[in-house]
>>> print(open('data24.tsv').read())   # TSV, C-alpha atoms and all ligand atoms
chain	number	residue	atom	x	y	z
A	17	MET	CA	30.79	-2.27	11.14
A	18	LYS	CA	29.72	0.90	12.84
A	19	LYS	CA	27.82	0.78	16.02
A	20	VAL	CA	24.14	1.71	16.21
A	21	GLU	CA	22.55	2.02	19.60
A	22	THR	CA	18.81	1.69	19.79
A	23	VAL	CA	16.55	2.55	22.67
A	24	LEU	CA	13.08	1.09	22.59
A	25	CYS	CA	10.42	3.41	23.92
A	26	SER	CA	7.17	2.33	25.52
A	27	SER	CA	5.16	2.04	22.32
A	28	GLY	CA	7.55	-0.52	20.92
A	29	ALA	CA	7.23	1.16	17.55
A	30	HIS	CA	9.18	4.23	18.55
A	31	ARG	CA	12.94	4.32	18.69
A	32	GLN	CA	15.54	6.93	19.22
A	33	VAL	CA	18.64	6.02	17.29
A	34	ARG	CA	21.96	7.59	17.95
A	35	ARG	CA	25.42	6.39	17.08
A	36	GLY	CA	27.90	6.96	19.82
A	37	PHE	CA	31.09	7.38	17.88
A	38	GLY	CA	31.27	8.11	15.27
A	39	ALA	CA	5.86	11.45	-8.33
A	40	LEU	CA	3.38	12.47	-9.97
A	41	VAL	CA	4.68	12.14	-13.53
A	42	PHE	CA	5.11	8.48	-12.90
A	43	ARG	CA	1.55	7.97	-11.87
A	44	VAL	CA	0.23	9.63	-14.98
A	45	ALA	CA	2.52	7.49	-17.15
A	46	LEU	CA	1.59	4.40	-15.19
A	47	PHE	CA	-2.12	4.85	-15.46
A	48	ALA	CA	-1.76	5.65	-19.13
A	49	LEU	CA	0.06	2.35	-19.51
A	50	LEU	CA	-2.34	0.36	-17.43
A	51	SER	CA	-5.36	1.68	-19.20
A	52	ALA	CA	-3.80	1.24	-22.61
A	53	ALA	CA	-5.02	-1.64	-24.71
A	54	GLY	CA	-3.07	-4.75	-24.00
A	55	SER	CA	-2.29	-4.10	-20.37
A	56	GLY	CA	-3.54	-6.86	-18.12
A	57	TYR	CA	-4.05	-5.73	-14.56
A	58	VAL	CA	-5.23	-8.20	-12.01
A	59	PHE	CA	-5.96	-7.30	-8.42
A	60	ALA	CA	-5.13	-10.51	-6.67
A	61	GLY	CA	-5.32	-8.75	-3.30
A	62	GLY	CA	-8.78	-7.34	-3.53
A	63	GLY	CA	-10.26	-10.02	-5.70
A	64	ALA	CA	-11.36	-7.62	-8.42
A	65	GLU	CA	-9.99	-8.64	-11.77
A	66	LYS	CA	-9.38	-6.27	-14.63
A	67	SER	CA	-7.19	-8.29	-16.89
A	68	GLY	CA	-6.75	-6.90	-20.35
A	69	SER	CA	-8.27	-8.65	-23.29
A	70	SER	CA	-5.13	-9.11	-25.31
A	71	GLN	CA	-3.11	-10.49	-22.41
A	72	THR	CA	-4.65	-13.89	-22.58
A	73	ALA	CA	-3.26	-16.94	-20.91
A	74	GLY	CA	-1.23	-19.16	-23.11
A	75	GLN	CA	0.05	-16.46	-25.37
A	76	GLY	CA	3.71	-16.99	-25.91
A	77	LEU	CA	3.63	-20.70	-25.34
A	78	ALA	CA	3.13	-21.38	-29.04
A	79	GLY	CA	6.36	-19.63	-29.85
A	80	LYS	CA	4.65	-16.31	-30.53
A	81	GLY	CA	6.54	-14.54	-27.80
A	82	GLU	CA	7.15	-14.49	-24.12
A	83	SER	CA	4.44	-14.13	-21.49
A	84	LEU	CA	5.64	-12.23	-18.44
A	85	VAL	CA	3.91	-11.43	-15.19
A	86	VAL	CA	4.74	-8.70	-12.69
A	87	PHE	CA	3.78	-9.72	-9.17
A	88	VAL	CA	3.45	-6.58	-7.04
A	89	PRO	CA	3.87	-7.49	-3.35
A	90	GLY	CA	1.39	-4.90	-2.13
A	91	VAL	CA	-0.45	-2.48	-4.40
A	92	VAL	CA	1.00	-0.31	-7.12
A	93	SER	CA	-0.63	2.98	-6.20
A	94	GLY	CA	1.24	4.94	-3.54
A	95	SER	CA	4.44	2.87	-3.79
A	96	PRO	CA	6.78	4.49	-6.29
A	97	ILE	CA	9.16	1.55	-6.24
A	98	TYR	CA	6.35	-0.63	-7.66
A	99	GLU	CA	5.15	2.06	-10.05
A	100	MET	CA	8.64	2.22	-11.53
A	101	LEU	CA	8.78	-1.56	-11.81
A	102	VAL	CA	5.60	-1.71	-13.87
A	103	VAL	CA	6.61	1.20	-16.11
A	104	GLY	CA	10.05	-0.29	-16.85
A	105	VAL	CA	8.84	-3.81	-17.59
A	106	GLN	CA	6.00	-2.54	-19.76
A	107	LYS	CA	8.40	-0.44	-21.83
A	108	ALA	CA	10.62	-3.44	-22.59
A	109	VAL	CA	7.60	-5.59	-23.48
A	110	ASP	CA	6.18	-2.86	-25.73
A	111	GLU	CA	9.42	-2.91	-27.69
A	112	LYS	CA	9.30	-6.66	-28.26
A	113	PRO	CA	6.47	-7.66	-30.61
A	114	GLY	CA	4.61	-10.74	-29.47
A	115	SER	CA	5.64	-10.51	-25.83
A	116	THR	CA	3.01	-9.72	-23.23
A	117	VAL	CA	2.90	-8.76	-19.56
A	118	LYS	CA	0.25	-9.00	-16.90
A	119	VAL	CA	0.43	-7.05	-13.63
A	120	VAL	CA	-0.88	-8.84	-10.55
A	121	GLU	CA	-1.27	-7.02	-7.25
A	122	GLY	CA	-0.54	-9.41	-4.39
A	123	GLY	CA	-2.14	-7.20	-1.74
A	124	PHE	CA	-0.89	-6.39	1.75
A	125	ASN	CA	-1.33	-9.80	3.35
A	126	GLN	CA	2.24	-11.03	3.13
A	127	ALA	CA	1.23	-14.50	4.28
A	128	GLU	CA	-0.59	-14.98	0.95
A	129	TRP	CA	2.25	-13.99	-1.35
A	130	GLU	CA	3.85	-17.41	-1.63
A	131	SER	CA	0.60	-19.16	-2.52
A	132	LYS	CA	-0.17	-16.46	-5.09
A	133	ILE	CA	3.25	-16.84	-6.71
A	134	THR	CA	2.83	-20.61	-6.59
A	135	SER	CA	-0.44	-20.24	-8.53
A	136	LEU	CA	1.27	-18.08	-11.14
A	137	ALA	CA	4.06	-20.65	-11.54
A	138	ALA	CA	1.62	-23.59	-11.52
A	139	SER	CA	-0.43	-22.02	-14.31
A	140	GLY	CA	2.50	-22.65	-16.65
A	141	VAL	CA	1.54	-19.51	-18.54
A	142	TYR	CA	4.37	-17.19	-17.63
A	143	GLN	CA	7.95	-17.87	-18.59
A	144	LEU	CA	9.13	-15.10	-16.27
A	145	ILE	CA	7.79	-13.87	-12.94
A	146	ILE	CA	9.02	-10.40	-12.07
A	147	SER	CA	8.79	-8.89	-8.60
A	148	SER	CA	10.43	-6.47	-6.19
A	149	ASN	CA	11.15	-6.27	-2.50
A	150	PRO	CA	13.63	-7.84	-0.08
A	151	ALA	CA	11.20	-10.58	0.96
A	152	MET	CA	10.70	-11.94	-2.55
A	153	PRO	CA	13.94	-13.90	-3.16
A	154	ALA	CA	13.25	-16.33	-0.30
A	155	ILE	CA	9.61	-16.77	-1.34
A	156	CYS	CA	10.53	-17.29	-5.01
A	157	GLN	CA	13.35	-19.66	-4.11
A	158	SER	CA	10.84	-21.91	-2.42
A	159	VAL	CA	8.42	-21.73	-5.39
A	160	ALA	CA	11.30	-22.28	-7.83
A	161	ALA	CA	12.14	-25.58	-6.16
A	162	LYS	CA	8.65	-26.88	-7.06
A	163	PHE	CA	8.67	-25.54	-10.63
A	164	PRO	CA	12.14	-26.12	-12.09
A	165	LYS	CA	11.33	-24.45	-15.43
A	166	GLN	CA	10.04	-21.25	-13.88
A	167	LYS	CA	12.33	-18.22	-14.06
A	168	PHE	CA	12.30	-15.16	-11.79
A	169	LEU	CA	13.58	-11.60	-12.19
A	170	LEU	CA	13.68	-9.91	-8.80
A	171	PHE	CA	14.56	-6.35	-7.85
A	172	ASP	CA	15.31	-4.79	-4.47
A	173	GLY	CA	16.38	-8.12	-3.00
A	174	GLN	CA	19.29	-10.50	-3.14
A	175	LEU	CA	19.86	-14.18	-3.86
A	176	GLU	CA	22.91	-15.59	-5.57
A	177	GLY	CA	23.49	-19.00	-7.09
A	178	ASN	CA	20.00	-20.19	-8.00
A	179	PRO	CA	19.94	-20.84	-11.76
A	180	GLN	CA	16.24	-19.93	-11.94
A	181	ILE	CA	16.60	-16.53	-10.26
A	182	TYR	CA	18.33	-13.26	-11.10
A	183	THR	CA	18.34	-10.46	-8.54
A	184	LEU	CA	19.32	-6.80	-8.65
A	185	ARG	CA	19.40	-4.61	-5.61
A	186	TYR	CA	20.39	-1.03	-4.99
A	187	ASN	CA	23.02	0.44	-2.72
A	188	GLN	CA	20.58	1.85	-0.21
A	189	ARG	CA	23.36	2.84	2.14
A	190	GLU	CA	24.22	5.51	-0.41
A	191	GLN	CA	20.58	6.39	-1.03
A	192	ALA	CA	19.87	6.79	2.69
A	193	TYR	CA	23.13	8.65	3.31
A	194	LEU	CA	22.13	11.21	0.66
A	195	ALA	CA	18.75	11.58	2.40
A	196	GLY	CA	20.32	11.97	5.84
A	197	TYR	CA	22.86	14.49	4.63
A	198	ILE	CA	20.31	16.87	3.07
A	199	ALA	CA	17.92	16.38	6.02
A	200	ALA	CA	20.64	17.37	8.50
A	201	LEU	CA	21.79	20.35	6.44
A	202	VAL	CA	18.23	21.66	6.26
A	203	ALA	CA	17.57	20.97	9.96
A	204	GLN	CA	20.83	22.62	10.94
A	205	GLN	CA	19.94	25.74	9.03
A	206	ALA	CA	16.49	25.83	10.63
A	207	GLY	CA	18.15	25.81	14.09
A	208	GLY	CA	16.91	24.09	17.25
A	209	ALA	CA	17.17	20.40	18.09
A	210	LYS	CA	19.40	18.31	15.85
A	211	LYS	CA	16.79	15.68	15.44
A	212	LEU	CA	15.47	13.90	12.35
A	213	GLY	CA	12.68	11.41	11.83
A	214	LEU	CA	12.20	8.23	9.82
A	215	VAL	CA	8.78	6.64	9.44
A	216	ALA	CA	8.93	3.09	8.03
A	217	GLY	CA	6.13	0.81	6.88
A	218	GLN	CA	7.62	-2.12	8.75
A	219	GLU	CA	10.96	-3.31	10.08
A	220	TYR	CA	13.03	-5.54	7.77
A	221	PRO	CA	16.75	-6.26	7.47
A	222	ALA	CA	17.42	-3.71	4.69
A	223	MET	CA	15.66	-1.06	6.79
A	224	ASN	CA	17.29	-1.91	10.11
A	225	ASP	CA	20.78	-2.72	8.83
A	226	ILE	CA	21.20	-0.43	5.83
A	227	ILE	CA	18.63	2.36	5.38
A	228	LEU	CA	18.21	3.55	8.98
A	229	PRO	CA	21.96	3.43	9.76
A	230	GLY	CA	22.76	5.03	6.38
A	231	TYR	CA	20.35	7.89	7.08
A	232	LEU	CA	21.90	8.44	10.50
A	233	GLN	CA	25.40	8.19	9.06
A	234	GLY	CA	24.62	10.87	6.45
A	235	ALA	CA	23.16	13.14	9.14
A	236	GLN	CA	26.13	12.65	11.43
A	237	ALA	CA	28.51	13.47	8.61
A	238	VAL	CA	26.99	16.97	8.91
A	239	ASP	CA	27.09	17.01	12.72
A	240	ARG	CA	27.75	14.06	15.02
A	241	VAL	CA	25.09	15.35	17.39
A	242	PHE	CA	22.21	14.39	15.07
A	243	SER	CA	19.85	11.63	16.17
A	244	VAL	CA	17.03	9.85	14.35
A	245	ASP	CA	13.59	9.21	15.80
A	246	PHE	CA	12.55	5.93	14.12
A	247	ARG	CA	8.93	4.83	14.11
A	248	VAL	CA	7.04	2.06	12.37
A	249	VAL	CA	3.52	2.23	10.91
A	250	GLY	CA	3.05	-1.54	10.87
A	251	ASN	CA	1.76	-1.64	7.27
A	252	TRP	CA	2.31	0.06	3.91
A	253	TYR	CA	-0.99	1.94	3.55
A	254	ASP	CA	-2.23	3.65	6.72
A	255	ALA	CA	-1.89	7.40	6.08
A	256	GLY	CA	-3.72	8.18	9.35
A	257	LYS	CA	-1.11	6.30	11.36
A	258	GLY	CA	1.69	7.87	9.29
A	259	SER	CA	0.34	11.30	10.11
A	260	GLU	CA	-0.05	10.49	13.81
A	261	LEU	CA	3.54	9.21	14.09
A	262	ALA	CA	4.96	12.18	12.20
A	263	ALA	CA	2.99	14.71	14.27
A	264	SER	CA	4.29	13.13	17.46
A	265	MET	CA	7.87	13.24	16.16
A	266	ILE	CA	7.51	16.89	15.25
A	267	ARG	CA	6.18	17.70	18.74
A	268	GLU	CA	9.28	16.00	20.12
A	269	GLY	CA	11.61	18.09	17.99
A	270	ALA	CA	12.11	16.32	14.65
A	271	LYS	CA	12.78	18.94	12.00
A	272	VAL	CA	12.98	16.79	8.87
A	273	ILE	CA	11.29	13.41	8.31
A	274	LEU	CA	12.01	10.63	5.81
A	275	PRO	CA	8.89	8.55	5.11
A	276	ILE	CA	9.40	5.03	3.69
A	277	ALA	CA	5.91	3.69	4.20
A	278	GLY	CA	4.14	3.39	0.85
A	279	GLY	CA	0.64	4.88	0.99
A	280	ALA	CA	1.24	6.05	4.57
A	281	ASN	CA	3.76	8.59	3.24
A	282	GLN	CA	0.86	10.90	2.41
A	283	GLY	CA	0.03	11.20	6.11
A	284	VAL	CA	3.63	12.05	6.96
A	285	ILE	CA	3.73	14.82	4.40
A	286	GLN	CA	0.45	16.26	5.66
A	287	ALA	CA	1.65	16.27	9.27
A	288	ALA	CA	4.93	17.91	8.25
A	289	SER	CA	3.09	20.55	6.29
A	290	ASP	CA	0.75	21.25	9.25
A	291	GLY	CA	3.55	21.16	11.82
A	292	GLY	CA	6.12	23.31	10.05
A	293	ALA	CA	8.55	20.43	9.45
A	294	LYS	CA	10.18	19.30	6.23
A	295	VAL	CA	10.24	15.99	4.39
A	296	VAL	CA	12.89	14.14	2.40
A	297	TRP	CA	11.45	11.83	-0.26
A	298	PHE	CA	12.76	8.38	-1.12
A	299	ASP	CA	12.78	6.32	-4.34
A	300	VAL	CA	11.32	8.97	-6.71
A	301	ASN	CA	11.35	12.72	-7.21
A	302	GLY	CA	8.86	14.01	-4.64
A	303	TYR	CA	9.33	17.78	-4.85
A	304	GLY	CA	6.07	18.26	-6.75
A	305	ILE	CA	4.02	16.48	-4.08
A	306	LYS	CA	4.28	19.39	-1.61
A	307	PRO	CA	6.55	22.13	-2.95
A	308	GLY	CA	8.39	23.88	-0.14
A	309	VAL	CA	7.84	20.98	2.27
A	310	VAL	CA	9.80	18.35	0.34
A	311	VAL	CA	13.44	19.44	0.55
A	312	GLY	CA	15.21	16.40	-0.93
A	313	SER	CA	14.65	13.40	-3.19
A	314	ALA	CA	17.04	10.43	-2.92
A	315	ILE	CA	15.99	8.26	-5.81
A	316	LEU	CA	16.33	4.80	-7.34
A	317	LYS	CA	16.23	4.25	-11.07
A	318	GLN	CA	14.10	1.15	-10.74
A	319	ASP	CA	12.25	2.03	-13.97
A	320	ARG	CA	15.56	1.97	-15.83
A	321	ALA	CA	16.73	-1.24	-14.17
A	322	ALA	CA	13.38	-2.96	-14.79
A	323	TYR	CA	13.46	-1.92	-18.44
A	324	GLU	CA	17.06	-3.01	-18.99
A	325	LYS	CA	16.82	-6.36	-17.24
A	326	THR	CA	13.47	-7.28	-18.82
A	327	ARG	CA	14.93	-6.41	-22.19
A	328	LEU	CA	17.97	-8.53	-21.47
A	329	TYR	CA	15.67	-11.42	-20.58
A	330	LEU	CA	13.68	-10.98	-23.80
A	331	GLU	CA	16.98	-11.13	-25.69
A	332	GLY	CA	17.83	-14.37	-23.89
A	333	LYS	CA	20.76	-12.80	-22.09
A	334	LEU	CA	19.70	-12.37	-18.46
A	335	PRO	CA	22.37	-14.09	-16.32
A	336	PHE	CA	20.23	-16.24	-14.04
A	337	GLY	CA	22.05	-17.26	-10.88
A	338	LYS	CA	23.63	-13.84	-10.51
A	339	ALA	CA	22.95	-11.14	-7.90
A	340	GLU	CA	23.90	-7.57	-8.81
A	341	LEU	CA	24.32	-4.54	-6.58
A	342	VAL	CA	24.21	-1.05	-8.13
A	343	GLY	CA	24.73	2.37	-6.61
A	344	VAL	CA	25.17	6.06	-7.37
A	345	ALA	CA	28.31	5.70	-9.50
A	346	ASP	CA	26.53	3.08	-11.63
A	347	GLY	CA	23.67	5.50	-12.30
A	348	TYR	CA	20.89	3.63	-10.45
A	349	VAL	CA	20.81	5.65	-7.22
A	350	ASP	CA	20.87	9.45	-7.24
A	351	PHE	CA	19.80	12.70	-5.65
A	352	VAL	CA	17.57	15.07	-7.66
A	353	ASP	CA	19.26	18.46	-7.45
A	354	ASP	CA	18.07	20.15	-10.63
A	355	ASP	CA	14.35	20.40	-9.89
A	356	PRO	CA	13.09	24.00	-9.65
A	357	ALA	CA	11.11	23.10	-6.52
A	358	TYR	CA	14.33	21.92	-4.82
A	359	ILE	CA	16.12	25.10	-5.83
A	360	ALA	CA	13.21	27.20	-4.53
A	361	ALA	CA	12.85	25.28	-1.26
A	362	VAL	CA	16.50	24.98	-0.18
A	363	SER	CA	19.05	27.76	0.34
A	364	GLU	CA	22.03	28.08	-1.95
A	365	THR	CA	24.47	27.37	0.89
A	366	VAL	CA	22.80	24.08	1.67
A	367	ARG	CA	22.47	23.13	-1.99
A	368	LYS	CA	26.19	23.73	-2.49
A	369	GLN	CA	27.10	21.46	0.42
A	370	GLN	CA	24.77	18.73	-0.83
A	371	ALA	CA	26.13	19.12	-4.37
A	372	GLU	CA	29.67	18.41	-3.16
A	373	LEU	CA	28.57	15.08	-1.72
A	374	VAL	CA	26.43	14.21	-4.75
A	375	THR	CA	29.28	14.96	-7.15
A	376	ARG	CA	31.77	12.82	-5.22
A	377	LEU	CA	29.35	9.89	-5.20
A	378	ARG	CA	28.44	10.26	-8.89
A	379	LYS	CA	32.10	10.34	-9.91
A	380	GLY	CA	32.92	7.36	-7.73
A	381	ALA	CA	35.37	9.49	-5.70
A	382	LEU	CA	33.35	8.35	-2.69
A	383	THR	CA	31.44	5.09	-2.42
A	384	LEU	CA	29.78	3.61	0.61
A	385	ARG	CA	29.76	-0.08	1.23
A	386	GLU	CA	26.50	-1.45	2.55
A	387	ASP	CA	28.08	-1.87	6.00
A	388	GLY	CA	28.75	1.87	6.02
A	389	THR	CA	32.47	1.77	5.26
A	390	GLU	CA	33.46	4.80	3.22
A	391	VAL	CA	35.74	4.14	0.26
A	392	ARG	CA	37.56	7.21	-1.14
A	393	LYS	CA	39.49	7.31	-4.38
A	401	LIG	N1	7.81	-0.21	-0.08
A	401	LIG	C1	6.77	0.45	-0.59
A	401	LIG	O1	6.94	1.60	-1.04
A	401	LIG	N2	5.52	-0.11	-0.61
A	401	LIG	C2	5.27	-1.35	-0.16
A	401	LIG	O2	4.11	-1.82	-0.21
A	401	LIG	C3	6.36	-2.09	0.39
A	401	LIG	N3	6.18	-3.34	0.89
A	401	LIG	C4	7.25	-4.00	1.42
A	401	LIG	C5	7.06	-5.28	1.95
A	401	LIG	C6	8.13	-5.98	2.51
A	401	LIG	C7	7.91	-7.35	3.06
A	401	LIG	C8	9.42	-5.39	2.53
A	401	LIG	C9	10.57	-6.13	3.13
A	401	LIG	C10	9.61	-4.13	2.02
A	401	LIG	C11	8.54	-3.42	1.46
A	401	LIG	N4	8.71	-2.13	0.94
A	401	LIG	C12	7.63	-1.45	0.40
A	401	LIG	C13	9.98	-1.42	1.03
A	401	LIG	C14	10.79	-1.45	-0.24
A	401	LIG	O3	11.24	-2.78	-0.43
A	401	LIG	C15	12.00	-0.50	-0.16
A	401	LIG	O4	12.81	-0.84	0.94
A	401	LIG	C16	11.57	0.93	-0.02
A	401	LIG	O5	10.73	1.29	-1.09
A	401	LIG	C17	12.78	1.87	-0.01
A	401	LIG	O6	13.47	1.81	-1.22
>>> encode(input="data24.tsv", output="structure tokens")
Amino acid sequence: MKKVETVLCSSGAHRQVRRGFGALVFRVALFALLSAAGSGYVFAGGGAEKSGSSQTAGQGLAGKGESLVVFVPGVVSGSPIYEMLVVGVQKAVDEKPGSTVKVVEGGFNQAEWESKITSLAASGVYQLIISSNPAMPAICQSVAAKFPKQKFLLFDGQLEGNPQIYTLRYNQREQAYLAGYIAALVAQQAGGAKKLGLVAGQEYPAMNDIILPGYLQGAQAVDRVFSVDFRVVGNWYDAGKGSELAASMIREGAKVILPIAGGANQGVIQAASDGGAKVVWFDVNGYGIKPGVVVGSAILKQDRAAYEKTRLYLEGKLPFGKAELVGVADGYVDFVDDDPAYIAAVSETVRKQQAELVTRLRKGALTLREDGTEVRK
């Protein structure tokens, strides 16, 4: 395990990290889906309910098909990882006549998620509850114990050995490494301080142990001198706070910033645009959001995974009890290098260097374990 030193600054939400040795298209598709006939969409967080007419409770119980529910731990809008989840599940359901899906937004109060999932399970309506984020396996495990027939399909989290739960998570060490590598190459070419930024919605084990160190590791593979200024918004929606944190980082020398903060990402991109800094996007292709400012997109294929695993479930073949991990070589994590806005924003020299890394990862010539160990073939 590689060593990561952290220095807490006065704000408590501001860290310098240095290792010593060492989509727009989606939104359109999503809203088309959600407004299409047959899409139930319930805002459990805000209280407003817009459930679709054809997604009625009880459907599926009479052998007509399966009733599924997507529980979004937060809100869909502004969080590409959730947008992809909804799109993928909906596609699988659309292909299976008689099956239905309802999307429930759990809202930002994390303390309410377990009781909301409990209500969904207690209703007895949904054969499968689908969700996504690293906090969900523990919550669903506790609900599963009370409802032994309830099944769960969970992404972006891990739990093995519970016969009611299947999980799939992504190799975010590789995803973050790709982000750190392009960020450092771009910063290096810009000259000045070898300093990057990362703005997170909150701290959680996957962030602290995998994403942040992976980002730093990728940057230091370019030059060991690189450091990462890590700051935390404290929620997944506050664009004003995101902008404030990013502006402060830029004043202190950060050249490229990686925002992983849901709706707060918009503030980061605005501050970068105003302050002459660049942004690397995470989870989906972000080049179109601010062409010229977004210089990299390290993506997850959560739409693909959600489609495939929901389909597998509908075919009766989802291996409950298992926990899968997928990375670049498996085709579920990648770097978007063929977008015209990437080609226009980043010099050929830098693109060539990034391409070498991307190719090695895609071919499996290089893989990164989650603890950061590099495996070369
Ligand atoms: N990512 C988002 O984009 N939006 C969210 O609302 C969001 N909420 C999260 C809540 C918790 C409790 C945790 C642990 C993570 C959350 N994430 C969210 C981060 C997400 O799981 C993932 O790490 C990032 O999207 C990077 O792939």
>>> closest_residue(input="data24.tsv", among="A:Arg376, A:Lys333, A:Arg320, A:Lys338", to="Leu101 of chain A", atoms="only C-alpha atoms")
A:Arg320
>>> closest_residue(input="data24.tsv", among="A:Met223, A:Val109, A:Ala161, A:Ile266", to="ligand LIG 401 (chain A)", atoms="only C-alpha atoms and all ligand atoms")
A:Met223
>>> residues_near_ligand(input="data24.tsv", ligand="ligand LIG 401 (chain A)", cutoff="10 Å", atoms="all atoms listed in the file", output="PyMOL selection string")
chain A and resi 88-99+122-127+129+148-152+171-173+185-188+191-192+216-223+226-227+251-253+275-281+298-300+314-316+318
>>> write_last_selection(input="data24.tsv", atoms="C-alpha atoms", output="mmCIF file, keeping the file's coordinate frame")
data_model
loop_
_atom_site.group_PDB
_atom_site.id
_atom_site.type_symbol
_atom_site.label_atom_id
_atom_site.label_comp_id
_atom_site.auth_asym_id
_atom_site.auth_seq_id
_atom_site.Cartn_x
_atom_site.Cartn_y
_atom_site.Cartn_z
ATOM 1 C CA VAL A 88 3.450 -6.580 -7.040
ATOM 2 C CA PRO A 89 3.870 -7.490 -3.350
ATOM 3 C CA GLY A 90 1.390 -4.900 -2.130
ATOM 4 C CA VAL A 91 -0.450 -2.480 -4.400
ATOM 5 C CA VAL A 92 1.000 -0.310 -7.120
ATOM 6 C CA SER A 93 -0.630 2.980 -6.200
ATOM 7 C CA GLY A 94 1.240 4.940 -3.540
ATOM 8 C CA SER A 95 4.440 2.870 -3.790
ATOM 9 C CA PRO A 96 6.780 4.490 -6.290
ATOM 10 C CA ILE A 97 9.160 1.550 -6.240
ATOM 11 C CA TYR A 98 6.350 -0.630 -7.660
ATOM 12 C CA GLU A 99 5.150 2.060 -10.050
ATOM 13 C CA GLY A 122 -0.540 -9.410 -4.390
ATOM 14 C CA GLY A 123 -2.140 -7.200 -1.740
ATOM 15 C CA PHE A 124 -0.890 -6.390 1.750
ATOM 16 C CA ASN A 125 -1.330 -9.800 3.350
ATOM 17 C CA GLN A 126 2.240 -11.030 3.130
ATOM 18 C CA ALA A 127 1.230 -14.500 4.280
ATOM 19 C CA TRP A 129 2.250 -13.990 -1.350
ATOM 20 C CA SER A 148 10.430 -6.470 -6.190
ATOM 21 C CA ASN A 149 11.150 -6.270 -2.500
ATOM 22 C CA PRO A 150 13.630 -7.840 -0.080
ATOM 23 C CA ALA A 151 11.200 -10.580 0.960
ATOM 24 C CA MET A 152 10.700 -11.940 -2.550
ATOM 25 C CA PHE A 171 14.560 -6.350 -7.850
ATOM 26 C CA ASP A 172 15.310 -4.790 -4.470
ATOM 27 C CA GLY A 173 16.380 -8.120 -3.000
ATOM 28 C CA ARG A 185 19.400 -4.610 -5.610
ATOM 29 C CA TYR A 186 20.390 -1.030 -4.990
ATOM 30 C CA ASN A 187 23.020 0.440 -2.720
ATOM 31 C CA GLN A 188 20.580 1.850 -0.210
ATOM 32 C CA GLN A 191 20.580 6.390 -1.030
ATOM 33 C CA ALA A 192 19.870 6.790 2.690
ATOM 34 C CA ALA A 216 8.930 3.090 8.030
ATOM 35 C CA GLY A 217 6.130 0.810 6.880
ATOM 36 C CA GLN A 218 7.620 -2.120 8.750
ATOM 37 C CA GLU A 219 10.960 -3.310 10.080
ATOM 38 C CA TYR A 220 13.030 -5.540 7.770
ATOM 39 C CA PRO A 221 16.750 -6.260 7.470
ATOM 40 C CA ALA A 222 17.420 -3.710 4.690
ATOM 41 C CA MET A 223 15.660 -1.060 6.790
ATOM 42 C CA ILE A 226 21.200 -0.430 5.830
ATOM 43 C CA ILE A 227 18.630 2.360 5.380
ATOM 44 C CA ASN A 251 1.760 -1.640 7.270
ATOM 45 C CA TRP A 252 2.310 0.060 3.910
ATOM 46 C CA TYR A 253 -0.990 1.940 3.550
ATOM 47 C CA PRO A 275 8.890 8.550 5.110
ATOM 48 C CA ILE A 276 9.400 5.030 3.690
ATOM 49 C CA ALA A 277 5.910 3.690 4.200
ATOM 50 C CA GLY A 278 4.140 3.390 0.850
ATOM 51 C CA GLY A 279 0.640 4.880 0.990
ATOM 52 C CA ALA A 280 1.240 6.050 4.570
ATOM 53 C CA ASN A 281 3.760 8.590 3.240
ATOM 54 C CA PHE A 298 12.760 8.380 -1.120
ATOM 55 C CA ASP A 299 12.780 6.320 -4.340
ATOM 56 C CA VAL A 300 11.320 8.970 -6.710
ATOM 57 C CA ALA A 314 17.040 10.430 -2.920
ATOM 58 C CA ILE A 315 15.990 8.260 -5.810
ATOM 59 C CA LEU A 316 16.330 4.800 -7.340
ATOM 60 C CA GLN A 318 14.100 1.150 -10.740
#
>>> residues_around(input="data24.tsv", residues="segment 229-235 of chain A", least_positions_apart="4", cutoff="6 Å", atoms="only C-alpha atoms", output="list in words")
Arg189, Ala192, Tyr193, Gly196, Tyr197 and Ala200 of chain A
>>> closest_residue(input="data24.tsv", among="A:Leu274, A:Ala321, A:Ala361, A:Val352", to="Lys306 of chain A", atoms="all atoms listed in the file")
A:Ala361
>>> closest_residue(input="data24.tsv", among="A:Gln370, A:Thr116, A:Thr383, A:Ser289", to="Leu201 of chain A", atoms="all atoms listed in the file")
A:Gln370
>>> residues_around(input="data24.tsv", residues="Tyr142 of chain A", least_positions_apart="3", cutoff="8 Å", atoms="all atoms listed in the file", output="tab-separated table (two decimals) with C-alpha atoms, keeping the file's coordinate frame")
chain	number	residue	atom	x	y	z
A	82	GLU	CA	7.15	-14.49	-24.12
A	83	SER	CA	4.44	-14.13	-21.49
A	84	LEU	CA	5.64	-12.23	-18.44
A	85	VAL	CA	3.91	-11.43	-15.19
A	136	LEU	CA	1.27	-18.08	-11.14
A	137	ALA	CA	4.06	-20.65	-11.54
A	139	SER	CA	-0.43	-22.02	-14.31
A	145	ILE	CA	7.79	-13.87	-12.94
A	166	GLN	CA	10.04	-21.25	-13.88
>>> closest_residue(input="data24.tsv", among="A:Phe242, A:Trp297, A:Tyr303, A:Phe163", to="Pro356 of chain A", atoms="all atoms listed in the file")
A:Tyr303
>>> closest_residue(input="data24.tsv", among="A:Ala270, A:Val391, A:Gly213, A:Gly332", to="Leu377 of chain A", atoms="all atoms listed in the file")
A:Val391
>>> atom_distance(input="data24.tsv", atom1="atom CA of Ala262 of chain A", atom2="atom CA of Asp239 of chain A")
22.7 Å
>>> atom_distance(input="data24.tsv", atom1="atom CA of Glu128 of chain A", atom2="atom CA of Gly140 of chain A")
19.4 Å
